[in-house]
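Note sheet for the following structure.
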Amino acid sequence: MATLKGPGKPKAYDGSGLRIGIVHARWNTTIINALLSGAKKALAAAGVKEENVVVQSVPGSYELPFAVKQMYSASQVQSSSTGVVGAAADLLGSASDLTQLSLSTPSTKESPGLKTPFDAIIAIGVLIKGETMHFEYIADAVSHGLMRVQLDGNVPVIFGLLTLLNDAQGLNRAGIGGAGTNEGHNHGEDWGSAAVELGVKRKGWV
Ligand code: DLZ
């Protein structure tokens with residue numbers, strides 16, 4: 001049955017030539033893990049190779065915009081020449097986990113030793129409203145931060161931030177609601193599909 005909500009039935013985009021980054025927060029881990037699995041499942045279903053999916057984590061959602069920006073910058077520098085990887089590390093900060101991990105991903109079969117920049121990055125976070133204004137400030141800052149990164153960086157950033165009033169809303173939106181009956185729909189799958197669609201379209205809109 002057709003539903004009013006959601007992105008509609010996705011066209012089958014071929015993700016086999018894409019490199020996708022995922023940065024997820026660790027707050028509210030149960031929901032995060034399900035969303036992450038959903039995103040990876042959709043990427044695999046679209047043909048994105050496992051070795052071309054790089055996953056990073058940060059403590060909370062507030063850290064997502066910076067992490068996405070760093071991850072993308074590192075992948076750009078890495079792709080320009082293997083010789084400037086050291087310079088990239090200097091540029092981005094010496095002992096940065098993000099820099100080290102994103103620069104040390106395995107090589108593709110097509111171009112050994114040389115990786116292309118990410119075609120899209122998915123930012124995943126789960127904010128659950130508490131008793132203070134914390135939720136509003138973080139939700140607003142992260143939304144604007146992610147938009148800024150994608151427009152300034154010219155890279156699609158998929159908005160995988162759930163802004164929830166309670167735990168149950170989150171479990172449902174991760175497809176693990178209903179106390180063990182897996183009610184709801186996993187929005188991570190939609191984010192994986194969106195990353196593939198935008199990654200493909202970014203290579204040519206006309
Ligand atoms: C501090 C905090 C709170 C109260 N709640 C959440 C949340 O529901 N989801 C989330 O992703 N992060 C939360 N954080 C952590 C902040 O995002 C951030 O990691 C810290 O303020 C440190 O910058």
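Letters A, B, ... mark the chains of the structure tokens in the order given; residue numbers begin at 1 per chain; ligand numbers begin at 1, in order shown.
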
> Which chains and residue numbers are within 10 Å of ligand 1, counting only C-alpha atoms and all ligand atoms, if I want them as a ChimeraX atom specification?
Replying inline: /A:24-29,32,58-64,124-135,137-139,142,161-167

>> as a PyMOL selection string, please: every residue in range 7-193 of chain A that DSSP puts in helix (DSSP H, G or I).
In response: chain A and resi 29-45+50-52+61-80+82-92+97-103+134-153+167-173+187-193

>> Excluding Glu183 in chain A and its own-chain neighbours fewer than 5 positions away, which residues fall within 10 Å of it when counting only C-alpha atoms? Please give them as a list in words.
In response: Leu171, Asn172, Arg173, Ala174, Gly175, Ile176, Gly177 and Gly178 of chain A

> Running DSSP on the backbone, which parts of chain A land in strand (DSSP E or B), as a PyMOL selection string?
Replying inline: chain A and resi 20-25+53-58+120-128+157-164+174+177+183+186

Okay, now the selection with C-alpha atoms, as a PDB file, in the first residue's frame?
```
ATOM      1  CA  ILE A  20      30.677   6.562   1.012  1.00  0.00           C
ATOM      2  CA  GLY A  21      31.631   7.842   4.461  1.00  0.00           C
ATOM      3  CA  ILE A  22      29.494   7.330   7.532  1.00  0.00           C
ATOM      4  CA  VAL A  23      30.012   9.262  10.760  1.00  0.00           C
ATOM      5  CA  HIS A  24      27.810   8.296  13.675  1.00  0.00           C
ATOM      6  CA  ALA A  25      27.448   9.571  17.206  1.00  0.00           C
ATOM      7  CA  VAL A  53      32.400   2.331   3.000  1.00  0.00           C
ATOM      8  CA  VAL A  54      34.361   4.038   5.778  1.00  0.00           C
ATOM      9  CA  VAL A  55      32.699   4.270   9.187  1.00  0.00           C
ATOM     10  CA  GLN A  56      33.809   6.651  11.915  1.00  0.00           C
ATOM     11  CA  SER A  57      32.283   7.491  15.285  1.00  0.00           C
ATOM     12  CA  VAL A  58      32.195  10.532  17.548  1.00  0.00           C
ATOM     13  CA  ALA A 120      28.594  11.320  -0.113  1.00  0.00           C
ATOM     14  CA  ILE A 121      28.790  11.214   3.677  1.00  0.00           C
ATOM     15  CA  ILE A 122      26.024  10.074   5.997  1.00  0.00           C
ATOM     16  CA  ALA A 123      25.868  11.734   9.428  1.00  0.00           C
ATOM     17  CA  ILE A 124      23.946   9.670  11.976  1.00  0.00           C
ATOM     18  CA  GLY A 125      22.904  10.896  15.403  1.00  0.00           C
ATOM     19  CA  VAL A 126      20.063  10.389  17.851  1.00  0.00           C
ATOM     20  CA  LEU A 127      18.973  13.305  20.009  1.00  0.00           C
ATOM     21  CA  ILE A 128      16.393  12.605  22.686  1.00  0.00           C
ATOM     22  CA  VAL A 157      25.814  15.163   3.447  1.00  0.00           C
ATOM     23  CA  ILE A 158      22.884  12.935   4.303  1.00  0.00           C
ATOM     24  CA  PHE A 159      20.952  14.163   7.336  1.00  0.00           C
ATOM     25  CA  GLY A 160      20.690  11.143   9.574  1.00  0.00           C
ATOM     26  CA  LEU A 161      19.841  13.040  12.731  1.00  0.00           C
ATOM     27  CA  LEU A 162      16.768  11.875  14.603  1.00  0.00           C
ATOM     28  CA  THR A 163      15.325  14.540  16.906  1.00  0.00           C
ATOM     29  CA  LEU A 164      13.045  12.646  19.243  1.00  0.00           C
ATOM     30  CA  ALA A 174      15.193   2.411  13.718  1.00  0.00           C
ATOM     31  CA  GLY A 177      10.151  -0.755  18.211  1.00  0.00           C
ATOM     32  CA  GLU A 183       7.943  -2.378  14.736  1.00  0.00           C
ATOM     33  CA  ASN A 186      14.545   1.759   9.750  1.00  0.00           C
TER      34      ASN A 186
END
```

>> I'd like to know which of A:Ser16, A:Ser80, A:Gln169, A:Asn33 is closest to Val48 in chain A, using only C-alpha atoms.
In response: A:Ser16

>> Which residues are near Thr116 in chain A? Cut-off 9 Å, only C-alpha atoms, ignore same chain within fewer than 6 positions. Put them as a list in words.
In response: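 Returned residues: Leu18, Arg19, Ser75, Gln76, Gln78, Ser79 and Ser80 of chain A.
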
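For the pair CA of Lys41 in chain A and CA of Asp119 in chain A, the interatomic distance is 17.6 Å.
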
> Near Arg202 in chain A, within 10 Å and counting only C-alpha atoms, which residues show up once chain neighbours fewer than 4 positions away are dropped, as a PyMOL selection string?
Replying inline: chain A and resi 119-120+154-156+196-198+206

>> Under the rule that only C-alpha atoms are counted, which of A:Asp190, A:Gly8, A:Gly38, A:Tyr72 is the nearest residue to Val149 in chain A?
In response: A:Tyr72

>> Could you list, as a list in words, every residue within 10 Å of Ala45 in chain A, counting only C-alpha atoms and ignoring same-chain residues fewer than 3 positions away?
In response: Ala12, Tyr13, Asp14, Gly15, Ser16, Ala39, Lys40, Lys41, Ala42, Val48, Lys49, Glu189, Gly192 and Ser193 of chain A

Keeping only N, CA and C atoms, write those residues as a PDB file, in the first residue's frame.
```
ATOM      1  N   ALA A  12      16.585   2.247  -8.810  1.00  0.00           N
ATOM      2  CA  ALA A  12      17.765   1.440  -8.478  1.00  0.00           C
ATOM      3  C   ALA A  12      19.029   2.121  -8.998  1.00  0.00           C
ATOM      4  N   TYR A  13      19.663   2.923  -8.158  1.00  0.00           N
ATOM      5  CA  TYR A  13      20.915   3.574  -8.552  1.00  0.00           C
ATOM      6  C   TYR A  13      22.069   2.604  -8.325  1.00  0.00           C
ATOM      7  N   ASP A  14      23.034   2.658  -9.229  1.00  0.00           N
ATOM      8  CA  ASP A  14      24.195   1.759  -9.138  1.00  0.00           C
ATOM      9  C   ASP A  14      25.290   2.419  -8.302  1.00  0.00           C
ATOM     10  N   GLY A  15      25.514   1.863  -7.142  1.00  0.00           N
ATOM     11  CA  GLY A  15      26.512   2.450  -6.241  1.00  0.00           C
ATOM     12  C   GLY A  15      27.871   1.792  -6.336  1.00  0.00           C
ATOM     13  N   SER A  16      28.072   0.954  -7.338  1.00  0.00           N
ATOM     14  CA  SER A  16      29.314   0.161  -7.364  1.00  0.00           C
ATOM     15  C   SER A  16      30.571   1.010  -7.563  1.00  0.00           C
ATOM     16  N   ALA A  39      21.683   1.607   7.246  1.00  0.00           N
ATOM     17  CA  ALA A  39      22.383   2.380   6.210  1.00  0.00           C
ATOM     18  C   ALA A  39      23.340   1.482   5.438  1.00  0.00           C
ATOM     19  N   LYS A  40      24.086   0.656   6.163  1.00  0.00           N
ATOM     20  CA  LYS A  40      25.053  -0.237   5.485  1.00  0.00           C
ATOM     21  C   LYS A  40      24.331  -1.248   4.593  1.00  0.00           C
ATOM     22  N   LYS A  41      23.207  -1.730   5.079  1.00  0.00           N
ATOM     23  CA  LYS A  41      22.425  -2.698   4.293  1.00  0.00           C
ATOM     24  C   LYS A  41      21.989  -2.070   2.961  1.00  0.00           C
ATOM     25  N   ALA A  42      21.502  -0.837   3.006  1.00  0.00           N
ATOM     26  CA  ALA A  42      21.047  -0.173   1.770  1.00  0.00           C
ATOM     27  C   ALA A  42      22.223   0.095   0.835  1.00  0.00           C
ATOM     28  N   VAL A  48      27.354  -0.786  -3.415  1.00  0.00           N
ATOM     29  CA  VAL A  48      28.554  -0.130  -2.887  1.00  0.00           C
ATOM     30  C   VAL A  48      29.433  -1.205  -2.236  1.00  0.00           C
ATOM     31  N   LYS A  49      30.694  -1.236  -2.634  1.00  0.00           N
ATOM     32  CA  LYS A  49      31.591  -2.274  -2.120  1.00  0.00           C
ATOM     33  C   LYS A  49      31.924  -2.001  -0.651  1.00  0.00           C
ATOM     34  N   GLU A 189      18.068   2.884   6.405  1.00  0.00           N
ATOM     35  CA  GLU A 189      18.008   2.353   5.032  1.00  0.00           C
ATOM     36  C   GLU A 189      17.751   3.484   4.032  1.00  0.00           C
ATOM     37  N   GLY A 192      20.958   5.420   3.546  1.00  0.00           N
ATOM     38  CA  GLY A 192      21.900   4.719   2.653  1.00  0.00           C
ATOM     39  C   GLY A 192      21.501   4.917   1.199  1.00  0.00           C
ATOM     40  N   SER A 193      20.213   4.766   0.913  1.00  0.00           N
ATOM     41  CA  SER A 193      19.730   4.950  -0.468  1.00  0.00           C
ATOM     42  C   SER A 193      19.927   6.391  -0.925  1.00  0.00           C
TER      43      SER A 193
END
```

> Nearest to Glu50 in chain A: which of A:Lys9, A:Ala34, A:Leu4, A:Gly17 is it, counting only C-alpha atoms?
Replying inline: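 Selected residue with least distance to Glu50 in chain A: A:Gly17.
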
>> I need the residue nearest Lys115 in chain A from this list: A:Lys5, A:Ala44, A:Ala67, A:Ala74. Use only C-alpha atoms for the distance.
In response: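 Distance minimum relative to Lys115 in chain A lands on A:Ala74.
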
> Hey, which of A:Val200, A:Leu151, A:Ala141, A:Ala168 ends up closest to Pro65 in chain A? Count only C-alpha atoms.
Replying inline: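 So, comparing all the options, the nearest one is A:Ala141.
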